[in-house]
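As provided, structure13.txt (compact mmCIF, C-alpha atoms) reads as follows.
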```txt
# COMPACT_ATOMS: atom_id res chain seq x y z
CA MET A 252 -15.56 103.82 27.61
CA ASN A 253 -14.12 106.52 25.38
CA PHE A 254 -11.73 105.19 22.74
CA TYR A 255 -9.29 106.92 20.41
CA ILE A 256 -7.62 105.32 17.38
CA LEU A 257 -4.29 106.29 15.80
CA ASP A 258 -3.36 104.26 12.74
CA ASN A 259 -1.91 104.94 9.30
CA ASP A 260 -4.35 102.51 7.67
CA SER A 261 -7.91 103.81 7.23
CA LYS A 262 -9.22 100.24 6.87
CA ILE A 263 -7.91 99.34 10.32
CA ILE A 264 -9.43 102.49 11.80
CA HIS A 265 -12.77 101.50 10.26
CA LEU A 266 -12.44 97.91 11.55
CA LEU A 267 -11.54 98.96 15.10
CA SER A 268 -14.30 101.58 15.18
CA ASN A 269 -16.91 98.99 14.22
CA ILE A 270 -15.67 96.50 16.84
CA ILE A 271 -15.55 99.14 19.60
CA GLU A 272 -18.94 100.73 18.91
CA ASN A 273 -20.64 97.36 18.52
CA ASP A 274 -20.84 97.65 22.31
CA PHE A 275 -23.23 100.51 23.14
CA ASN A 276 -21.19 101.28 26.26
CA ASN A 277 -18.24 102.32 24.08
CA THR A 278 -17.66 105.45 22.00
CA VAL A 279 -14.90 106.32 19.56
CA VAL A 280 -14.21 109.98 20.38
CA GLY A 281 -11.58 110.49 17.68
CA THR A 282 -9.43 108.91 14.98
CA THR A 283 -6.38 110.08 13.07
CA SER A 284 -3.29 108.99 11.16
CA ASN A 285 -1.27 111.92 12.53
CA PRO A 286 0.66 111.39 15.81
CA GLN A 287 0.74 115.11 16.59
CA GLN A 288 -3.03 115.31 16.13
CA ALA A 289 -3.40 112.30 18.45
CA TYR A 290 -1.29 114.09 21.08
CA ASP A 291 -3.32 117.29 20.77
CA ASP A 292 -6.58 115.34 21.08
CA ALA A 293 -5.27 113.45 24.14
CA MET A 294 -4.79 116.83 25.85
CA ARG A 295 -8.38 117.94 25.35
CA LEU A 296 -10.53 114.79 25.13
CA GLY A 297 -11.51 112.46 27.93
CA ILE A 298 -9.93 109.30 26.54
CA ASP A 299 -10.02 106.04 28.47
CA ILE A 300 -8.26 103.78 25.97
CA MET A 301 -6.02 104.67 23.01
CA PHE A 302 -5.23 102.31 20.16
CA ILE A 303 -1.78 103.36 18.91
CA ASP A 304 -0.04 102.04 15.82
CA TYR A 305 3.68 101.69 16.55
CA ALA A 306 4.92 102.40 13.03
CA MET A 307 4.02 106.06 12.60
CA PRO A 308 5.97 108.72 10.68
CA ALA A 309 8.00 111.34 12.60
CA MET A 310 7.02 109.92 16.01
CA ASP A 311 6.68 106.20 16.75
CA GLY A 312 4.06 104.81 19.11
CA VAL A 313 6.35 104.54 22.14
CA GLN A 314 7.56 108.12 21.72
CA LEU A 315 3.96 109.33 21.53
CA ILE A 316 3.04 107.48 24.72
CA GLN A 317 6.00 109.06 26.52
CA LYS A 318 4.96 112.51 25.31
CA ILE A 319 1.37 112.04 26.48
CA GLN A 320 2.44 110.76 29.90
CA ASP A 321 4.96 113.57 30.31
CA SER A 322 1.97 115.93 29.98
CA HIS A 323 0.35 114.17 32.97
CA HIS A 324 -2.40 112.47 30.96
CA TYR A 325 -2.73 108.74 31.53
CA PRO A 326 -5.15 106.92 29.24
CA HIS A 327 -4.69 103.18 28.86
CA PHE A 328 -2.79 102.15 25.74
CA ILE A 329 -3.26 99.24 23.34
CA MET A 330 -0.47 99.08 20.76
CA THR A 331 -0.81 97.52 17.32
CA ALA A 332 2.06 96.71 14.95
CA GLN A 333 3.37 94.37 12.35
CA ALA A 334 5.89 91.82 13.65
CA ILE A 335 8.53 93.82 15.54
CA LEU A 336 11.69 93.07 17.48
CA PRO A 337 11.19 91.66 21.00
CA SER A 338 13.23 94.62 22.30
CA VAL A 339 10.71 97.08 20.84
CA LYS A 340 7.82 95.19 22.40
CA THR A 341 9.65 95.14 25.74
CA SER A 342 10.19 98.89 25.52
CA ALA A 343 6.49 99.43 24.79
CA TYR A 344 5.43 97.47 27.88
CA GLN A 345 8.01 99.28 30.01
CA HIS A 346 6.53 102.59 28.90
CA GLY A 347 3.05 101.62 30.03
CA ILE A 348 1.03 99.87 27.32
CA ASP A 349 -1.58 97.47 28.65
CA PHE A 350 -1.73 95.17 25.64
CA PHE A 351 0.06 94.53 22.36
CA ILE A 352 -1.78 93.17 19.30
CA GLU A 353 0.07 92.01 16.21
CA LYS A 354 -1.15 92.86 12.73
CA PRO A 355 -2.95 91.57 10.76
CA LEU A 356 -5.59 92.02 13.45
CA ASN A 357 -7.60 89.08 14.69
CA ILE A 358 -11.15 90.24 15.44
CA ALA A 359 -11.64 87.78 18.31
CA GLU A 360 -8.36 88.88 19.91
CA VAL A 361 -9.26 92.56 19.56
CA LYS A 362 -12.64 91.98 21.23
CA SER A 363 -11.00 90.04 24.07
CA VAL A 364 -8.36 92.72 24.67
CA ILE A 365 -10.95 95.53 24.65
CA LYS A 366 -13.00 93.62 27.21
CA LEU A 367 -10.00 93.03 29.48
CA ALA A 368 -8.87 96.66 29.24
CA ALA A 369 -12.35 97.91 30.11
CA GLN A 370 -12.55 95.51 33.07
CA ASN A 371 -9.21 96.80 34.40
CA ILE A 372 -10.41 100.40 34.19
CA ASN A 373 -13.76 99.64 35.84
CA MET A 374 -12.02 97.81 38.66
CA SER A 375 -9.61 100.72 39.20
CA ASN A 376 -12.50 103.20 39.22
CA ARG A 377 -14.41 101.15 41.79
CA LEU A 378 -11.34 101.03 44.01
CA LEU A 379 -10.95 104.80 43.75
CA GLN A 380 -14.62 105.28 44.69
CA VAL A 381 -14.14 103.12 47.76
CA LEU A 382 -11.03 105.05 48.72
CA ASN A 383 -12.87 108.34 48.34
CA LEU A 384 -15.70 107.11 50.56
CA VAL A 385 -13.41 106.10 53.39
CA SER A 386 -10.89 108.96 53.07
CA GLY A 387 -10.70 111.03 56.21
CA ALA A 388 -12.49 108.38 58.27
CA ALA A 389 -9.63 105.93 58.27
CA THR A 390 -6.42 107.63 57.17
CA ASN A 391 -4.09 104.86 58.29
CA ASN A 392 -6.18 102.23 56.57
CA THR A 393 -6.26 104.31 53.39
CA VAL A 394 -2.48 104.46 53.37
CA THR A 395 -2.39 100.67 53.69
CA ILE A 396 -4.90 100.23 50.86
CA SER A 397 -2.97 102.66 48.66
CA GLY A 398 0.21 100.69 49.32
CA LYS A 399 -1.50 97.48 48.28
CA ASN A 400 -2.87 99.13 45.15
CA LYS A 401 0.66 100.21 44.25
CA LYS A 402 1.82 96.63 44.64
CA LYS A 403 -0.96 95.48 42.32
CA GLU A 404 0.10 98.08 39.75
CA ASN A 405 3.71 96.91 40.01
CA ALA A 406 2.60 93.31 39.55
CA GLN A 407 0.69 94.29 36.40
CA SER A 408 3.79 96.05 35.07
CA ILE A 409 5.79 92.84 35.46
CA LEU A 410 3.05 90.80 33.77
CA ARG A 411 2.99 93.31 30.89
CA PHE A 412 6.78 93.06 30.66
CA LEU A 413 6.43 89.28 30.31
CA GLY A 414 3.63 89.68 27.76
CA ILE A 415 1.06 87.63 29.69
CA THR A 416 -1.81 90.01 30.43
CA ALA A 417 -4.22 88.84 27.73
CA GLY A 418 -4.15 85.02 27.87
CA ASN A 419 -6.93 82.69 28.98
CA GLY A 420 -5.33 82.44 32.40
CA ALA A 421 -5.07 86.22 32.93
CA PRO A 422 -8.24 86.59 35.07
CA ALA A 423 -7.13 83.78 37.38
CA ILE A 424 -3.57 85.14 37.56
CA ASN A 425 -4.85 88.59 38.52
CA LYS A 426 -7.24 87.19 41.10
CA LEU A 427 -4.50 85.06 42.63
CA ILE A 428 -2.03 87.97 42.82
CA ASN A 429 -4.65 90.29 44.31
CA THR A 430 -5.57 87.65 46.90
CA MET A 431 -1.94 87.18 47.95
CA ILE A 432 -1.44 90.95 48.22
CA GLU A 433 -4.69 91.65 50.08
CA ARG A 434 -4.30 88.75 52.53
CA GLU A 435 -0.50 89.11 52.72
CA ILE A 436 -0.08 85.38 52.22
CA SER A 437 2.20 83.09 50.22
CA PHE A 438 1.16 80.79 47.38
CA ASP A 439 0.96 77.77 49.74
CA GLU A 440 -1.50 79.61 51.97
CA VAL A 441 -4.04 80.32 49.22
CA ASN A 442 -7.27 78.33 49.62
CA PHE A 443 -8.12 77.85 45.95
CA GLU A 444 -11.39 76.06 46.63
CA GLU A 445 -12.58 79.07 48.66
CA PHE A 446 -11.28 81.93 46.52
CA PHE A 447 -12.12 80.37 43.14
CA GLN A 448 -15.19 78.47 44.36
CA CYS A 449 -14.11 75.27 42.64
CA ASP A 450 -13.57 71.61 43.40
CA GLU A 451 -10.32 69.70 42.86
CA HIS A 452 -11.08 69.18 39.16
CA GLY A 453 -11.83 72.88 38.69
CA LYS A 454 -8.60 73.73 40.47
CA LYS A 455 -6.64 71.60 37.99
CA ILE A 456 -8.26 73.43 35.06
CA ILE A 457 -7.40 76.80 36.59
CA PHE A 458 -3.81 75.67 37.15
CA GLN A 459 -3.54 74.52 33.53
CA ARG A 460 -4.65 77.94 32.24
CA ILE A 461 -2.30 79.77 34.58
CA ARG A 462 0.59 77.45 33.74
CA ARG A 463 0.12 78.01 29.98
CA ASP A 464 0.33 81.79 30.37
CA ILE A 465 3.32 81.60 32.71
CA LYS A 466 5.03 79.28 30.22
CA THR A 467 4.41 81.92 27.54
CA GLY A 468 6.11 84.42 29.84
CA LEU A 469 9.08 82.05 30.17
CA ASN A 470 9.35 81.85 26.38
CA ASN A 471 9.19 85.63 26.03
CA LEU A 472 11.78 86.10 28.77
CA ALA A 473 14.09 83.58 27.08
CA HIS A 474 13.90 85.63 23.86
CA MET A 475 14.78 88.78 25.85
CA CYS A 476 17.73 87.02 27.49
CA MET A 477 19.03 86.05 24.05
CA ASP A 478 18.74 89.66 22.84
CA TYR A 479 20.00 91.29 26.05
CA PRO A 480 22.09 88.71 27.96
CA GLU A 481 23.53 91.30 30.38
CA ASN A 482 20.32 93.19 31.23
CA ASP A 483 20.05 93.17 35.05
CA ILE A 484 16.23 93.42 35.15
CA ILE A 485 15.76 90.52 32.76
CA LEU A 486 18.27 88.38 34.67
CA GLU A 487 16.57 89.22 37.98
CA TYR A 488 13.17 88.19 36.65
CA ALA A 489 14.69 85.07 35.11
CA ASN A 490 15.97 83.93 38.49
CA ASN A 491 13.22 85.16 40.83
CA LEU A 492 10.24 84.15 38.71
CA TYR A 493 11.44 81.03 36.89
CA GLU A 494 14.87 80.05 38.28
CA TYR A 495 17.54 80.79 35.73
CA LYS A 496 18.15 77.12 34.91
CA ASN A 497 14.67 76.94 33.39
CA VAL A 498 15.25 80.08 31.34
CA HIS A 499 18.57 78.60 30.19
CA ASN A 500 16.78 75.39 29.16
CA GLU A 501 14.17 77.43 27.28
CA ILE A 502 16.93 79.31 25.44
CA SER A 503 18.57 76.00 24.51
CA PHE A 504 15.21 74.76 23.23
CA LEU A 505 14.75 77.89 21.10
CA LYS A 506 18.22 77.34 19.65
CA GLY A 507 17.35 73.74 18.78
CA GLU A 508 19.80 72.33 21.32
CA ARG A 509 17.11 70.61 23.41
CA THR A 510 13.91 68.76 22.60
CA ASN A 511 12.02 70.42 25.44
CA GLY A 512 12.16 73.82 27.12
CA GLY A 513 12.25 75.01 30.70
CA GLN A 514 9.74 74.06 33.39
CA VAL A 515 7.53 76.44 35.35
CA SER A 516 6.66 76.30 39.03
CA LEU A 517 3.52 78.17 40.03
CA LYS A 518 4.74 78.41 43.62
CA HIS A 519 8.13 79.83 42.60
CA PHE A 520 6.59 82.26 40.10
CA PHE A 521 3.93 83.77 42.37
CA ASN A 522 6.09 83.91 45.51
CA GLY A 523 8.86 85.46 43.42
CA LEU A 524 6.45 88.00 41.94
CA ILE A 525 5.28 89.07 45.40
CA GLN A 526 8.92 89.39 46.46
CA GLU A 527 9.60 91.63 43.43
CA ILE A 528 6.82 94.09 44.28
CA ASN A 529 7.42 94.32 48.05
```
As C-alpha cells, how would this structure be written, given the file I've shared?
Amino acid sequence: MNFYILDNDSKIIHLLSNIIENDFNNTVVGTTSNPQQAYDDAMRLGIDIMFIDYAMPAMDGVQLIQKIQDSHHYPHFIMTAQAILPSVKTSAYQHGIDFFIEKPLNIAEVKSVIKLAAQNINMSNRLLQVLNLVSGAATNNTVTISGKNKKKENAQSILRFLGITAGNGAPAINKLINTMIEREISFDEVNFEEFFQCDEHGKKIIFQRIRRDIKTGLNNLAHMCMDYPENDIILEYANNLYEYKNVHNEISFLKGERTNGGQVSLKHFFNGLIQEIN
C-alpha cells in the first residue's frame, strides 16, 4: 500500500512513517505539512491511503478531501485531530473518511486502523478483478453485482457516519451486512453457525462484540441528536436503526437524567440498515 501523510507536527509524521513502513508491504510515498502540497502530490502520486490532519492552516482536512475528490482522485482517508466537535467529525465521515483517530495517537489503534483500511482496499480490488473477469460474459449478472457493491458502499457510509468502523466487532458487522446483501435475506434468516463457523458459545461472543460497537453508534448518534435535533438524516437513522425511544433514553442518560441509556436490538439495527441502503 502507498501511504501519504499530511500533518503539522513533524514528530507525528515520523511516528506514522515508522508504523506504516514497519510492514514491508507498505510504503510512505510522501509527507508534508502543507495542504496545497498534499493536494498537488495527490494529483501525481499513486496514493492508496492518506493520513490527513484536520487542523491545517488555510485549508482544513475536510476541505482538502473535498478538493481532492472534486479532481476525481479517490484515495482512502484516515483523519487525525485533537478532540473536535461531534459535528466536525460527522462532516468528515460524510465527506468520505474511512477512519478518525484522536490525538494524542495510540500506536495500537493506529496499527489496527491501518490494517483495517488495507483489508478494505484489498477486498475492493479483488471484487474489481472478479468483475473484470466476468465482464462481457454475463452483463446482467455484472449489473446485479455492481448494484450489490453499491449497497455495500452505502452501508459502509452509514457505519462511518455512526463512527463504528474500527471497533472489535467491525469484521463481524461487515461480514453480516455483506451476507444479508449477497443472499438478499433478513437478520432472522442468517445462519450464524454456517457463515461464522461457530457454535452457540461462539455466536454469543460474536453478538457481544457486535452489540458493543452498535451501542457505541447509539451513543454517537445521541450526541448528534443533541447538537442537531432537527436534522432529518440523524432522526431517520435514530428511528430506523435504533428506534427513537432508545436514542431518547441515551440522550437522557448523557444529560444525567437516567441511570442507564438506550437499548440496542441487533435485529432492528441490521434490518433497518438494509432498508436504508435499498
**Fill in**
In Å and to one decimal, atom CA of A:Glu272 is distant from atom CA of A:Asn357 by 16.8 Å
**Asked** Leaving out A:Gln407 and any residue of its chain fewer than 6 positions from it, which residues lie within 9 Å of it when counting all atoms listed in the file, given as a ChimeraX atom specification?
**Response** /A:349,416,425
**Asked** Which residues, written as a VMD selection string, have at least one atom at most 12 Å from A:Arg411, with all atoms listed in the file counted and residues fewer than 3 positions away on the same chain left out?
**Response** chain A and resid 328 to 329 340 to 351 404 to 408 414 to 418 421 425 464 to 465 467 to 468 471 to 472
**Item:** Minimum-distance residue to A:Ser284, chosen among A:Glu440, A:Asp299, A:Glu435, A:Asp258 (using only C-alpha atoms)
**Value:**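 Of A:Glu440, A:Asp299, A:Glu435, A:Asp258, the one nearest A:Ser284 is A:Asp258, counting only C-alpha atoms.
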**Message:** Please report the interatomic distance between atom CA of A:Asn500 and atom CA of A:Glu481 in Å with one decimal.
**Reply:**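 We find that atom CA of A:Asn500 and atom CA of A:Glu481 lie 17.3 Å from each other.
Closest approach to A:Leu413 from the set A:Asn259, A:Gln317, A:Ser503, A:Asn470 is made by A:Asn470, with distances taken over only C-alpha atoms.
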**Item:** Among listed residues A:Ile352, A:Val441, A:Met431, A:Val498, nearest A:Ala334 (using only C-alpha atoms)
**Value:**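 Of the candidates, the smallest distance to A:Ala334 is held by A:Ile352.
Remark: for A:Phe302, the closest of the candidate residues A:His327, A:Lys454, A:Arg509, A:His265 is A:His327 (distances computed over all atoms listed in the file).
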**Item:** Pick from A:Ile372, A:Ile256, A:Val339, A:Ala473 nearest to A:Gly512, counting only C-alpha atoms
**Value:**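 The closest residue to A:Gly512 is A:Ala473.
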Skip A:Leu486 itself and residues of its chain fewer than 3 positions away, then list as a compact mmCIF listing (two decimals) with C-alpha atoms, keeping the file's coordinate frame all residues within 12 Å of it, counting only C-alpha atoms.
```txt
# COMPACT_ATOMS: atom_id res chain seq x y z
CA LEU A 472 11.78 86.10 28.77
CA ALA A 473 14.09 83.58 27.08
CA HIS A 474 13.90 85.63 23.86
CA MET A 475 14.78 88.78 25.85
CA CYS A 476 17.73 87.02 27.49
CA MET A 477 19.03 86.05 24.05
CA ASP A 478 18.74 89.66 22.84
CA TYR A 479 20.00 91.29 26.05
CA PRO A 480 22.09 88.71 27.96
CA GLU A 481 23.53 91.30 30.38
CA ASN A 482 20.32 93.19 31.23
CA ASP A 483 20.05 93.17 35.05
CA ALA A 489 14.69 85.07 35.11
CA ASN A 490 15.97 83.93 38.49
CA ASN A 491 13.22 85.16 40.83
CA LEU A 492 10.24 84.15 38.71
CA TYR A 493 11.44 81.03 36.89
CA GLU A 494 14.87 80.05 38.28
CA TYR A 495 17.54 80.79 35.73
CA LYS A 496 18.15 77.12 34.91
CA VAL A 498 15.25 80.08 31.34
CA HIS A 499 18.57 78.60 30.19
```
